[in-house]
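Participant: There's a structure below that I have some questions on.
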Amino acid sequence: MSAEFEGLRGNVGFVTGAAQGIGEAVARKLHSAGMIVGLADVDGERLANLAKKLGDNVLTRSLDVTDGDAVEDFVDEIEKSLGPIDHLAHVVGIQRFGMITEFSEDDFDATFDTNVKGTFLVTKAVAKRMLPREQGSIVAVASTAARTPRIKQGAYCASKAAMAQMMTVLGLELGPHNIRVNCVSPGVTNTGMVQRLMATMPNTDVITRGDLDSFRVGVPLGRVARSEELADVVAFLLSDHSSYLTMQDIVVDGGGALGA
Ligand SMILES: NC(=O)c1ccc[n+]([C@@H]2O[C@H](COP(=O)([O-])OP(=O)(O)OC[C@H]3O[C@@H](n4cnc5c(N)ncnc54)[C@H](O)[C@@H]3O)[C@@H](O)[C@H]2O)c1
């Protein structure tokens, strides 16, 4: 049990992208804090494995966040079987690489569908139910790429900037209704997403040391993040420990964006 997030005990949460990486760490963190959690991911097999390990107080659904009907249906099921959703952690995101001059329209559409439309569909489905209850907190995982340009990440950077800004608007709209909305922006975090990127790099040292040719500044703390370090900040933002914090984008990057 996480003593520091004791206030979350018994609350109902919804985590997207929960099958692995940061989403899995968030799901584990919230569950260990005593929350009842609905978990969604397009990778149903991994999700089922996680649910088995977590045990009680877990409801899972294999779904694609770009499918609005599927999102609505699962949010409805969570509310009917677990109770009203108190906290949403929307973690799903995809990254496709390529210079803008060579990037395919299909990859562009997939990036925006998942990262922007998916964020819209998930946060809308949850927020409209929180609204009449005048209670809740929402965290969406953006990226330092929203504010720091990265070579071969044009669509990804643009999609993260779009979803992060949409979350500030949602926070503005929901603030008067006692619902807080924040983003967490990871730097480089050791997950499947980053391992796939590293597999394409001849020398992965450049991630932490920096590299002028790719305009990487490196990571002042000298290492990439563990998913659990992101999950701690997500849990903090969902909890009452951050009760006066809304419309913020908390950068958790070991200093990689140089505080920008
Ligand atoms: N890992 C990093 O260094 C890093 C850095 C900055 C931001 N982020 C962001 O953090 C979030 C999580 O990243 P991660 O590194 O854990 O990624 P990951 O690839 O390890 O995990 C992402 C999960 O999302 C699921 N998913 C993908 N598309 C989906 C869809 N359409 N519907 C439902 N589920 C879907 C995948 O099956 C997977 O389980 C993403 O939004 C990512 O952009 C990650």
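Identifiers in the structure tokens: chain A, B, ... in order shown; residue index from 1 per chain; ligand index from 1 in order shown.
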Kindly compile the residues surrounding ligand 1 within 7 Å, counting only C-alpha atoms and all ligand atoms, and format them as number ranges by chain.
Facilitator: A: 16-23, 40-43, 63-66, 91-95, 114, 118, 141-145, 185-194
Participant: Hey, which bits of stretch 69-166 of chain A sit within 12 Å of stretch 196-201 of chain A, and for each residue what's the closest pair of atoms and how far apart in Å (one decimal), counting only C-alpha atoms, rows by chain and increasing number, as CSV?
Facilitator:
residue,atom,partner,partner_atom,distance
A:Ile94,CA,A:Arg196,CA,11.5
A:Gln95,CA,A:Leu197,CA,9.2
A:Arg96,CA,A:Leu197,CA,9.4
A:Phe97,CA,A:Leu197,CA,8.6
A:Gly98,CA,A:Leu197,CA,11.6
A:Lys152,CA,A:Leu197,CA,11.1
A:Gln153,CA,A:Leu197,CA,11.2
Participant: Grab the residues selected above and save them as a compact mmCIF listing (two decimals), in the first residue's frame with all heavy atoms.
Facilitator:
# COMPACT_ATOMS: atom_id res chain seq x y z
N ILE A 94 1.03 7.23 -29.04
CA ILE A 94 1.94 6.49 -29.93
C ILE A 94 2.93 7.46 -30.55
O ILE A 94 2.69 8.67 -30.62
CB ILE A 94 1.21 5.71 -31.06
CG1 ILE A 94 0.43 6.68 -31.99
CG2 ILE A 94 0.31 4.63 -30.50
CD1 ILE A 94 0.01 6.04 -33.31
N GLN A 95 4.05 6.89 -30.98
CA GLN A 95 5.12 7.71 -31.55
C GLN A 95 5.57 7.04 -32.86
O GLN A 95 5.92 5.85 -32.84
CB GLN A 95 6.28 7.74 -30.56
CG GLN A 95 7.35 8.73 -30.87
CD GLN A 95 8.41 8.76 -29.77
OE1 GLN A 95 8.76 7.72 -29.22
NE2 GLN A 95 8.92 9.92 -29.45
N ARG A 96 5.52 7.78 -33.95
CA ARG A 96 6.06 7.27 -35.23
C ARG A 96 7.13 8.24 -35.69
O ARG A 96 6.94 9.45 -35.58
CB ARG A 96 4.96 7.15 -36.26
CG ARG A 96 3.83 6.24 -35.77
CD ARG A 96 3.31 5.33 -36.82
NE ARG A 96 2.40 4.38 -36.23
CZ ARG A 96 1.32 3.90 -36.82
NH1 ARG A 96 1.02 4.30 -38.04
NH2 ARG A 96 0.57 3.01 -36.22
N PHE A 97 8.22 7.71 -36.21
CA PHE A 97 9.38 8.54 -36.54
C PHE A 97 9.52 8.79 -38.02
O PHE A 97 9.24 7.92 -38.84
CB PHE A 97 10.67 7.87 -36.04
CG PHE A 97 10.69 7.74 -34.55
CD1 PHE A 97 10.40 6.53 -33.95
CD2 PHE A 97 10.97 8.84 -33.76
CE1 PHE A 97 10.40 6.42 -32.57
CE2 PHE A 97 10.97 8.74 -32.39
CZ PHE A 97 10.68 7.52 -31.79
N GLY A 98 10.01 9.96 -38.38
CA GLY A 98 10.35 10.26 -39.78
C GLY A 98 10.47 11.76 -39.98
O GLY A 98 9.75 12.53 -39.32
N LYS A 152 12.74 14.20 -36.57
CA LYS A 152 11.97 13.00 -36.94
C LYS A 152 10.74 12.78 -36.06
O LYS A 152 10.18 11.70 -36.01
CB LYS A 152 12.86 11.73 -36.89
CG LYS A 152 13.96 11.74 -37.95
CD LYS A 152 14.63 10.40 -38.01
CE LYS A 152 15.73 10.41 -39.06
NZ LYS A 152 16.61 9.28 -38.98
N GLN A 153 10.34 13.82 -35.31
CA GLN A 153 9.16 13.67 -34.46
C GLN A 153 8.13 14.78 -34.71
O GLN A 153 7.43 15.20 -33.80
CB GLN A 153 9.58 13.64 -32.99
CG GLN A 153 10.48 12.46 -32.64
CD GLN A 153 10.79 12.35 -31.16
OE1 GLN A 153 9.99 12.72 -30.32
NE2 GLN A 153 11.97 11.85 -30.85
Participant: Excluding stretch 230-245 of chain A and its own-chain neighbours fewer than 5 positions away, which residues fall within 6 Å of it when counting only C-alpha atoms? Please give them as a ChimeraX atom specification.
Facilitator: /A:25-26,137
Participant: Let me make sure I understand: among A:Met167, A:Asp86, A:Lys160, A:Thr148, which one has the smallest atom-to-atom distance to A:Arg133 if we use only C-alpha atoms?
Facilitator: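 Distance minimum relative to A:Arg133 lands on A:Asp86.
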Participant: For the structure I just gave you, how does DSSP split stretch 90-233 of chain A - specifically, which residues are alpha helix (DSSP H)? Reply as a ChimeraX atom specification.
Facilitator: /A:105-112,118-133,154-174,192-198,205-209,227-233
Participant: Find, counting only C-alpha atoms, the residue in A:Ala89, A:Ile179, A:Ala146, A:Ile100 that gets nearest to A:Leu131.
Facilitator: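 Closest candidate: A:Ile179.
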Participant: Quick one: pick out all strand (DSSP E or B) residues within stretch 27-246 of chain A from a backbone DSSP run and write them as a ChimeraX atom specification.
Facilitator: /A:36-41,58-62,87-90,98,136-141,153,179-186,189,211,216,225
Participant: How would the residues just picked look written out with N, CA and C atoms as an mmCIF file, in the first residue's frame?
Facilitator:
data_model
loop_
_atom_site.group_PDB
_atom_site.id
_atom_site.type_symbol
_atom_site.label_atom_id
_atom_site.label_comp_id
_atom_site.auth_asym_id
_atom_site.auth_seq_id
_atom_site.Cartn_x
_atom_site.Cartn_y
_atom_site.Cartn_z
ATOM 1 N N ILE A 36 -10.128 1.360 -6.792
ATOM 2 C CA ILE A 36 -10.794 0.385 -7.648
ATOM 3 C C ILE A 36 -10.584 0.913 -9.065
ATOM 4 N N VAL A 37 -10.022 0.089 -9.948
ATOM 5 C CA VAL A 37 -9.612 0.656 -11.236
ATOM 6 C C VAL A 37 -10.214 -0.043 -12.454
ATOM 7 N N GLY A 38 -10.640 0.757 -13.431
ATOM 8 C CA GLY A 38 -10.998 0.286 -14.758
ATOM 9 C C GLY A 38 -9.789 0.534 -15.645
ATOM 10 N N LEU A 39 -9.328 -0.513 -16.333
ATOM 11 C CA LEU A 39 -8.115 -0.401 -17.132
ATOM 12 C C LEU A 39 -8.417 -0.730 -18.585
ATOM 13 N N ALA A 40 -7.940 0.109 -19.501
ATOM 14 C CA ALA A 40 -8.172 -0.141 -20.927
ATOM 15 C C ALA A 40 -6.858 -0.102 -21.683
ATOM 16 N N ASP A 41 -6.784 -0.924 -22.717
ATOM 17 C CA ASP A 41 -5.627 -0.912 -23.613
ATOM 18 C C ASP A 41 -6.020 -1.697 -24.857
ATOM 19 N N VAL A 58 -10.426 -4.749 -9.975
ATOM 20 C CA VAL A 58 -9.935 -4.371 -11.306
ATOM 21 C C VAL A 58 -10.950 -4.808 -12.355
ATOM 22 N N LEU A 59 -11.241 -3.913 -13.291
ATOM 23 C CA LEU A 59 -12.099 -4.251 -14.429
ATOM 24 C C LEU A 59 -11.312 -3.872 -15.684
ATOM 25 N N THR A 60 -11.215 -4.769 -16.648
ATOM 26 C CA THR A 60 -10.414 -4.446 -17.842
ATOM 27 C C THR A 60 -11.249 -4.526 -19.110
ATOM 28 N N ARG A 61 -10.819 -3.830 -20.113
ATOM 29 C CA ARG A 61 -11.453 -3.919 -21.440
ATOM 30 C C ARG A 61 -10.395 -3.652 -22.497
ATOM 31 N N SER A 62 -10.348 -4.557 -23.483
ATOM 32 C CA SER A 62 -9.473 -4.329 -24.626
ATOM 33 C C SER A 62 -10.197 -3.389 -25.584
ATOM 34 N N HIS A 87 -11.320 9.612 -10.757
ATOM 35 C CA HIS A 87 -10.026 10.022 -11.305
ATOM 36 C C HIS A 87 -9.781 9.352 -12.658
ATOM 37 N N LEU A 88 -9.311 10.149 -13.597
ATOM 38 C CA LEU A 88 -8.928 9.599 -14.909
ATOM 39 C C LEU A 88 -7.450 9.842 -15.150
ATOM 40 N N ALA A 89 -6.720 8.786 -15.521
ATOM 41 C CA ALA A 89 -5.342 8.933 -16.007
ATOM 42 C C ALA A 89 -5.328 8.457 -17.451
ATOM 43 N N HIS A 90 -5.274 9.410 -18.379
ATOM 44 C CA HIS A 90 -5.259 9.050 -19.797
ATOM 45 C C HIS A 90 -3.806 9.011 -20.263
ATOM 46 N N GLY A 98 10.011 9.961 -38.380
ATOM 47 C CA GLY A 98 10.346 10.264 -39.775
ATOM 48 C C GLY A 98 10.465 11.756 -39.978
ATOM 49 N N GLY A 136 -13.923 15.571 -9.233
ATOM 50 C CA GLY A 136 -13.066 14.698 -10.022
ATOM 51 C C GLY A 136 -11.730 15.324 -10.356
ATOM 52 N N SER A 137 -10.797 14.481 -10.765
ATOM 53 C CA SER A 137 -9.507 14.986 -11.251
ATOM 54 C C SER A 137 -9.070 14.147 -12.442
ATOM 55 N N ILE A 138 -8.445 14.847 -13.389
ATOM 56 C CA ILE A 138 -8.048 14.232 -14.657
ATOM 57 C C ILE A 138 -6.581 14.544 -14.904
ATOM 58 N N VAL A 139 -5.832 13.518 -15.306
ATOM 59 C CA VAL A 139 -4.440 13.736 -15.729
ATOM 60 C C VAL A 139 -4.268 13.087 -17.094
ATOM 61 N N ALA A 140 -3.692 13.822 -18.033
ATOM 62 C CA ALA A 140 -3.349 13.250 -19.330
ATOM 63 C C ALA A 140 -1.835 13.297 -19.478
ATOM 64 N N VAL A 141 -1.273 12.253 -20.062
ATOM 65 C CA VAL A 141 0.180 12.219 -20.244
ATOM 66 C C VAL A 141 0.516 12.821 -21.601
ATOM 67 N N GLN A 153 10.345 13.824 -35.311
ATOM 68 C CA GLN A 153 9.160 13.668 -34.464
ATOM 69 C C GLN A 153 8.135 14.780 -34.713
ATOM 70 N N ILE A 179 -13.521 20.460 -10.849
ATOM 71 C CA ILE A 179 -12.813 19.336 -11.483
ATOM 72 C C ILE A 179 -11.476 19.852 -11.996
ATOM 73 N N ARG A 180 -10.408 19.215 -11.565
ATOM 74 C CA ARG A 180 -9.059 19.653 -11.939
ATOM 75 C C ARG A 180 -8.540 18.840 -13.118
ATOM 76 N N VAL A 181 -7.832 19.508 -14.018
ATOM 77 C CA VAL A 181 -7.274 18.841 -15.203
ATOM 78 C C VAL A 181 -5.816 19.263 -15.351
ATOM 79 N N ASN A 182 -4.911 18.299 -15.366
ATOM 80 C CA ASN A 182 -3.487 18.590 -15.519
ATOM 81 C C ASN A 182 -2.843 17.614 -16.491
ATOM 82 N N CYS A 183 -1.677 17.999 -16.983
ATOM 83 C CA CYS A 183 -0.866 17.085 -17.790
ATOM 84 C C CYS A 183 0.412 16.750 -17.038
ATOM 85 N N VAL A 184 0.944 15.586 -17.347
ATOM 86 C CA VAL A 184 2.302 15.230 -16.933
ATOM 87 C C VAL A 184 3.077 15.018 -18.228
ATOM 88 N N SER A 185 4.222 15.661 -18.327
ATOM 89 C CA SER A 185 5.047 15.513 -19.535
ATOM 90 C C SER A 185 6.349 14.801 -19.206
ATOM 91 N N PRO A 186 6.432 13.528 -19.587
ATOM 92 C CA PRO A 186 7.674 12.809 -19.338
ATOM 93 C C PRO A 186 8.763 13.249 -20.316
ATOM 94 N N THR A 189 11.687 8.034 -20.830
ATOM 95 C CA THR A 189 11.323 7.081 -19.777
ATOM 96 C C THR A 189 11.502 5.669 -20.318
ATOM 97 N N ASP A 211 23.617 15.426 -28.043
ATOM 98 C CA ASP A 211 24.217 15.230 -29.366
ATOM 99 C C ASP A 211 23.827 16.411 -30.241
ATOM 100 N N ARG A 216 19.944 17.159 -29.558
ATOM 101 C CA ARG A 216 19.570 16.642 -28.239
ATOM 102 C C ARG A 216 20.432 17.324 -27.192
ATOM 103 N N ALA A 225 14.211 8.035 -17.160
ATOM 104 C CA ALA A 225 13.315 7.850 -16.009
ATOM 105 C C ALA A 225 12.801 6.419 -15.935
#
Participant: Might you pull out every residue within 12 Å of A:Pro132, with only C-alpha atoms counted and same-chain residues fewer than 2 positions away left off, and present them as a PyMOL selection string?
Facilitator: chain A and resi 84+126-130+134-136+174+176-179
Participant: Just to be explicit: take each residue in the selection above, keep C-alpha atoms, and write the result as a short mmCIF file (atom, residue, chain, number, x, y, z; two decimals), in the first residue's frame.
Facilitator:
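Once everything was written out, this is out.cif:
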data_model
loop_
_atom_site.label_atom_id
_atom_site.label_comp_id
_atom_site.auth_asym_id
_atom_site.auth_seq_id
_atom_site.Cartn_x
_atom_site.Cartn_y
_atom_site.Cartn_z
CA PRO A 84 -18.73 6.97 -10.43
CA VAL A 126 -15.32 10.87 -18.39
CA ALA A 127 -15.58 14.66 -17.92
CA LYS A 128 -19.23 14.86 -18.98
CA ARG A 129 -20.09 12.36 -16.24
CA MET A 130 -17.99 14.20 -13.64
CA GLU A 134 -18.96 18.56 -9.49
CA GLN A 135 -16.08 16.33 -8.43
CA GLY A 136 -13.07 14.70 -10.02
CA LEU A 174 -14.23 22.36 -15.68
CA PRO A 176 -15.79 26.22 -11.93
CA HIS A 177 -17.22 22.72 -11.42
CA ASN A 178 -14.51 21.65 -8.95
CA ILE A 179 -12.81 19.34 -11.48
#
Participant: Could you state the separation of atom CA of A:Tyr156 and atom CA of A:Leu121 in Å, given to one decimal place?
Facilitator: 18.4 Å
